Each structure stands twice: as structure tokens, then as C-alpha cells.
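*Asks:* Below is my_file-v6.cif; it holds mmCIF, C-alpha atoms.
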```cif
data_protein
loop_
_atom_site.label_atom_id
_atom_site.label_comp_id
_atom_site.auth_asym_id
_atom_site.auth_seq_id
_atom_site.Cartn_x
_atom_site.Cartn_y
_atom_site.Cartn_z
CA THR A 28 0.00 0.00 0.00
CA LEU A 29 1.32 3.43 -0.99
CA SER A 30 0.01 6.87 -0.05
CA ASN A 31 -3.77 7.43 0.13
CA ASN A 32 -4.38 3.66 0.17
CA ALA A 33 -3.16 3.32 -3.42
CA LEU A 34 -1.83 -0.15 -4.19
CA GLU A 35 1.59 -0.65 -5.76
CA LYS A 36 0.17 -3.16 -8.25
CA ASP A 37 -2.31 -0.55 -9.55
CA LEU A 38 0.33 2.16 -9.85
CA THR A 39 2.87 -0.08 -11.58
CA LEU A 40 0.20 -1.23 -14.05
CA ALA A 41 -0.69 2.40 -14.82
CA LEU A 42 3.00 3.27 -15.29
CA ALA A 43 3.56 0.23 -17.50
CA ARG A 44 0.61 1.16 -19.70
CA ARG A 45 1.82 4.76 -20.05
CA LEU A 46 5.36 3.61 -20.77
CA ARG A 47 4.19 1.05 -23.34
CA THR A 48 2.22 3.75 -25.19
CA ALA A 49 5.16 6.19 -25.15
CA LEU A 50 7.72 3.56 -26.21
CA THR A 51 5.49 2.25 -29.00
CA ALA A 52 5.09 5.81 -30.31
CA ALA A 53 8.92 6.08 -30.22
CA GLY A 54 9.28 3.02 -32.46
CA PHE A 55 9.93 0.33 -29.84
CA THR A 56 8.23 -3.07 -29.88
CA VAL A 57 7.00 -3.56 -26.32
CA VAL A 58 6.10 -6.83 -24.62
CA THR A 59 4.51 -6.51 -21.18
CA THR A 60 3.98 -9.30 -18.71
CA ARG A 61 0.84 -7.76 -17.20
CA ASP A 62 -1.91 -5.90 -19.06
CA ALA A 63 -4.61 -6.08 -16.38
CA ASP A 64 -5.13 -6.71 -12.69
CA VAL A 65 -5.46 -10.50 -12.66
CA ALA A 66 -5.91 -12.88 -9.76
CA ASP A 67 -3.17 -15.24 -10.95
CA ALA A 68 -0.18 -12.93 -11.30
CA LEU A 69 2.88 -14.31 -13.07
CA THR A 70 5.84 -15.31 -10.95
CA GLY A 71 9.25 -13.71 -11.43
CA ASP A 72 10.42 -16.88 -13.18
CA GLN A 73 7.48 -16.74 -15.60
CA ARG A 74 8.19 -13.08 -16.37
CA ALA A 75 11.84 -13.91 -17.08
CA GLU A 76 10.80 -16.82 -19.32
CA ILE A 77 8.63 -14.46 -21.41
CA ALA A 78 11.46 -11.94 -21.80
CA ASN A 79 14.05 -14.60 -22.61
CA ARG A 80 11.78 -16.38 -25.08
CA THR A 81 11.06 -13.14 -26.95
CA HIS A 82 14.80 -12.29 -27.07
CA ALA A 83 14.18 -8.91 -25.44
CA VAL A 84 16.68 -6.18 -26.24
CA ALA A 85 16.17 -4.73 -22.74
CA CYS A 86 13.92 -5.28 -19.75
CA VAL A 87 12.58 -2.76 -17.25
CA ALA A 88 10.90 -4.11 -14.11
CA ILE A 89 8.63 -1.40 -12.68
CA HIS A 90 8.11 -0.90 -8.95
CA ALA A 91 6.75 1.87 -6.72
CA THR A 92 7.32 2.83 -3.10
CA ALA A 93 6.20 5.44 -0.57
CA ILE A 94 9.73 5.40 0.93
CA GLY A 95 12.64 7.48 -0.32
CA SER A 96 12.49 10.07 -3.04
CA GLY A 97 12.71 10.31 -6.81
CA VAL A 98 13.47 7.35 -9.02
CA HIS A 99 15.56 4.39 -7.89
CA LEU A 100 17.38 2.27 -10.48
CA TYR A 101 18.75 -1.15 -9.62
CA THR A 102 20.83 -3.63 -11.56
CA SER A 103 21.72 -7.19 -10.58
CA THR A 104 24.32 -7.87 -7.91
CA LEU A 105 25.80 -10.67 -10.03
CA GLN A 106 29.39 -10.30 -11.17
CA PRO A 107 29.87 -10.06 -14.95
CA THR A 108 30.93 -13.16 -16.85
CA VAL A 109 34.65 -13.07 -17.52
CA PRO A 110 35.41 -13.69 -21.22
CA GLU A 111 38.01 -16.19 -22.35
CA GLU A 112 41.53 -14.85 -22.96
CA GLY A 113 41.46 -12.75 -26.15
CA GLY A 114 37.73 -13.28 -26.73
CA ASP A 115 34.50 -11.44 -26.08
CA VAL A 116 32.48 -14.46 -24.98
CA PRO A 117 33.31 -17.78 -23.37
CA ALA A 118 34.41 -20.42 -25.92
CA GLY A 119 31.92 -23.15 -26.72
CA PHE A 120 28.57 -23.81 -25.12
CA VAL A 121 28.57 -23.28 -21.38
CA PRO A 122 25.30 -24.02 -19.56
CA VAL A 123 24.28 -21.11 -17.35
CA PRO A 124 22.35 -21.69 -14.12
CA TRP A 125 18.93 -20.00 -14.13
CA ASP A 126 19.82 -17.69 -11.25
CA MET A 127 23.01 -16.60 -13.07
CA ALA A 128 21.53 -15.78 -16.50
CA GLN A 129 22.07 -12.03 -16.04
CA ALA A 130 25.83 -12.43 -15.45
CA GLY A 131 26.55 -12.21 -19.18
CA PHE A 132 24.62 -8.94 -19.43
CA VAL A 133 25.67 -7.07 -16.28
CA ALA A 134 27.95 -4.62 -18.12
CA GLN A 135 25.15 -3.76 -20.57
CA SER A 136 22.68 -3.43 -17.68
CA LEU A 137 25.01 -0.97 -15.95
CA ARG A 138 25.19 1.06 -19.20
CA LEU A 139 21.39 1.01 -19.43
CA ALA A 140 21.13 2.23 -15.81
CA ALA A 141 23.70 4.97 -16.55
CA ASP A 142 21.72 6.24 -19.56
CA LEU A 143 18.48 6.18 -17.54
CA SER A 144 20.19 7.97 -14.64
CA ALA A 145 21.60 10.66 -16.95
CA GLY A 146 18.19 11.24 -18.49
CA LEU A 147 16.41 11.44 -15.15
CA GLY A 148 19.07 13.76 -13.72
CA GLY A 149 18.84 15.96 -16.81
CA ALA A 150 15.08 16.26 -16.23
CA ASN A 151 15.70 17.35 -12.62
CA LEU A 152 14.27 14.12 -11.23
CA PRO A 153 16.29 12.86 -8.26
CA VAL A 154 17.78 9.46 -9.01
CA LEU A 155 19.41 6.80 -6.88
CA VAL A 156 21.40 4.06 -8.66
CA GLY A 157 22.33 0.84 -6.93
CA ARG A 158 22.63 -2.89 -7.23
CA ALA A 159 20.18 -5.24 -5.58
CA THR A 160 18.76 -8.71 -5.74
CA VAL A 161 15.38 -7.96 -7.32
CA ARG A 162 13.40 -10.72 -9.00
CA PRO A 163 13.53 -11.46 -11.89
CA LEU A 164 16.69 -9.49 -12.82
CA ASP A 165 19.12 -12.38 -12.20
CA ASN A 166 17.14 -14.60 -14.61
CA LEU A 167 17.05 -12.22 -17.56
CA MET A 168 19.23 -12.77 -20.62
CA CYS A 169 19.30 -9.14 -21.75
CA PRO A 170 20.25 -5.77 -20.28
CA ALA A 171 17.85 -5.25 -17.38
CA VAL A 172 17.04 -2.73 -14.67
CA ALA A 173 14.46 -2.41 -11.93
CA LEU A 174 12.94 1.07 -11.93
CA GLU A 175 11.24 2.07 -8.67
CA VAL A 176 9.29 5.33 -8.44
CA ALA A 177 9.22 7.06 -5.03
CA PRO A 178 7.64 10.40 -4.01
CA LEU A 179 9.13 13.51 -5.61
CA PRO A 180 10.57 15.91 -3.01
CA ALA A 181 9.56 19.56 -3.23
CA GLU A 182 11.28 22.70 -1.96
CA ASP A 183 8.31 23.53 0.26
CA GLY A 184 8.65 20.15 1.98
CA ALA A 185 5.41 18.65 0.60
CA ALA A 186 6.43 15.69 -1.55
CA THR A 187 4.53 14.85 -4.74
CA PRO A 188 3.13 11.33 -4.30
CA VAL A 189 3.83 8.59 -6.82
CA THR A 190 0.12 8.60 -7.64
CA ASP A 191 0.34 12.12 -9.15
CA ALA A 192 -0.45 11.89 -12.89
CA ASP A 193 1.88 14.76 -13.88
CA TYR A 194 4.78 13.18 -11.98
CA GLN A 195 4.12 9.83 -13.65
CA LYS A 196 4.08 11.52 -17.06
CA ARG A 197 7.44 13.20 -16.35
CA VAL A 198 8.95 9.86 -15.39
CA VAL A 199 7.51 8.08 -18.45
CA ASP A 200 8.60 10.82 -20.87
CA THR A 201 12.10 10.92 -19.39
CA VAL A 202 12.50 7.14 -19.35
CA THR A 203 11.31 6.95 -22.97
CA ALA A 204 13.86 9.57 -24.07
CA ALA A 205 16.62 7.81 -22.09
CA LEU A 206 15.74 4.44 -23.66
CA LYS A 207 15.98 6.05 -27.10
CA THR A 208 19.46 7.30 -26.18
CA TRP A 209 20.43 3.86 -24.90
CA ARG A 210 19.11 2.23 -28.10
CA ASN A 211 21.23 4.63 -30.17
CA HIS A 212 24.31 3.69 -28.08
CA ALA A 213 23.54 0.00 -28.56
CA ASP A 214 23.00 0.44 -32.32
CA SER A 215 26.32 2.34 -32.60
CA ALA A 216 28.16 -0.40 -30.71
CA VAL A 217 26.75 -3.07 -33.05
CA ALA A 218 27.69 -1.00 -36.11
CA GLU A 219 31.27 -0.56 -34.83
CA ALA A 220 31.59 -4.27 -34.08
CA THR A 221 30.35 -5.32 -37.51
CA PRO A 222 33.07 -5.24 -40.19
CA ASN A 223 32.23 -3.47 -43.42
CA ALA A 224 31.31 -5.85 -46.22
CA GLN A 225 33.17 -5.28 -49.48
#
```
Just dump the structure as C-alpha cells.
*Replies:*
Amino acid sequence: TLSNNALEKDLTLALARRLRTALTAAGFTVVTTRDADVADALTGDQRAEIANRTHAVACVAIHATAIGSGVHLYTSTLQPTVPEEGGDVPAGFVPVPWDMAQAGFVAQSLRLAADLSAGLGGANLPVLVGRATVRPLDNLMCPAVALEVAPLPAEDGAATPVTDADYQKRVVDTVTAALKTWRNHADSAVAEATPNAQ
């Protein structure tokens, strides 16, 4: 329960819907794991399975809290996979335990969090970046962050609650712009890594 008896599940669903609309308008293909308030919610493992099966380019797990301020960004606490000597990826097929799937994407997840943090900071939204064990981040085989929206502090001392529609719109617009920046960075990295065909 958040402020004014609002439920986190309702707020996160509203944010996800707004974000899906904004990202779709920006040219992203968006797959959500919850479109309505259902009695049988998916588990973290089921959400990770959906993302991994669709070969997601990035995942954002949305949360909300009445504690703290601004937007909190978390990446996995797993250590990155160490590549083989002289290579970018481990040689040959190496089975990865389910709870370690994110290890191969930690560096990209940190870059995603950095681009989101820069965008939020540029929009004068306070941001806290950290690493935490948040389901289903460790199971995702793509760059992934947990984004948690907390009340927005104000100079007069009265914080804007996470339920405020204008605040939600600011967060969604800023996150959309930051994801566009991140996508451009990712596209540039792929272009640089791909040799020119002659």
C-alpha cells in the first residue's frame, strides 16, 4: 500500500501502460507481462521466461514505493561473466544456471542504468542508482534494470506522491527519451563491431 491507500500493483500497471504507449510511439516493440489486474499474477520466473523467449533487447521491471524520493534504479548484484583470454564471450557452449543468466549482461545493464540515470538527472528528477537482488533481474538474458518510483521531493517540503499523474508523465517521458538514447548507443556499438562488407 502506498500513499492514500493506493496499491503498488495498480500504480505499476498504470505506469507500465503509459510507458508502453510512449515507447510504441517512439518506435519500440514492447512486450509486457501484465496488461490487467489479474488474480493469478505471473511469478518472477514466468516473467523472465517471457522476456528470454522473446529475445528482449532490454527489460525494465517497474516498482513503486512510498519510501525514499525520486526514481531508484537497480541492476543485478551478479558479477559479470569473464570472457576467455582474447575473446569477447566464453568459448563453446557453457550451460548457465537460471539464477546466473544475467551475469553475461551485467555490463550492458550498468550502461542502461547509466543512460536512464543521466536522463532522469537531466530532467531534474532525483535518481538513486544501486545494485540489488530484485526478481527477476538475475534470470534475464538481456540488459535489465528495476525502476522504482518514489515520491518527488519539493522545496516547500510537501512531496509529490507517486500517484500524481503529472509526476508519472514526467517519469515516463524521461525514461522513454533515455531508452531512445540507450538504443542509439547499442546500435552504434553493433555497427562498430560489424566489419564493413566489401
*Asks:* Residues of range 175-218 of chain A within 8 Å of range 48-56 of chain A: nearest atom pair and distance (Å, one decimal) for each, counting only C-alpha atoms, sorted by chain and number, as JSON lines?
*Replies:*
```
{"residue": "A:Val199", "atom": "CA", "partner": "A:Ala49", "partner_atom": "CA", "distance": 7.3}
{"residue": "A:Asp200", "atom": "CA", "partner": "A:Ala49", "partner_atom": "CA", "distance": 7.2}
{"residue": "A:Thr203", "atom": "CA", "partner": "A:Leu50", "partner_atom": "CA", "distance": 5.9}
{"residue": "A:Lys207", "atom": "CA", "partner": "A:Ala53", "partner_atom": "CA", "distance": 7.7}
```
*Asks:* Determine the residue membership of the PyMOL selection byres ((chain A and resi 147) around 12) for the file above and supply it as a count of residues only.
*Replies:* 32
*Asks:* Please compute the CA of Asp126 in chain A-CA of Ala88 in chain A distance, one decimal, in Å.
*Replies:*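 So the two atoms, CA of Asp126 in chain A and CA of Ala88 in chain A, lie 16.5 Å apart.
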*Asks:* What lies within 10 Å of range 168-172 of chain A using only C-alpha atoms, ignoring chain neighbours under 5 positions off, as a VMD selection string?
*Replies:* chain A and resid 75 to 76 78 to 80 82 to 89 99 to 103 125 127 to 140 143 158 to 159 161 163
*Asks:* The PyMOL selection byres ((chain A and resi 35) around 10) - which residues does that actually catch in the file I just gave you? List them as a list in words.
*Replies:*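 Applying the PyMOL selection byres ((chain A and resi 35) around 10) to the structure shown produces Thr28, Leu29, Ser30, Asn32, Ala33, Leu34, Lys36, Asp37, Leu38, Thr39, Leu40, Ala41, Ile89, His90, Ala91, Thr92, Ala93, Val189 and Thr190 of chain A.
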*Asks:* Provide the CA of Arg162 in chain A to CA of Thr59 in chain A distance in Å, to one decimal place.
*Replies:*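 The value is 15.7 Å.
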*Asks:* Could you tell me how far CA of Gln195 in chain A sits from CA of Asp62 in chain A, in Å to one decimal place?
*Replies:*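 Between CA of Asp62 in chain A and CA of Gln195 in chain A the gap is 17.7 Å.
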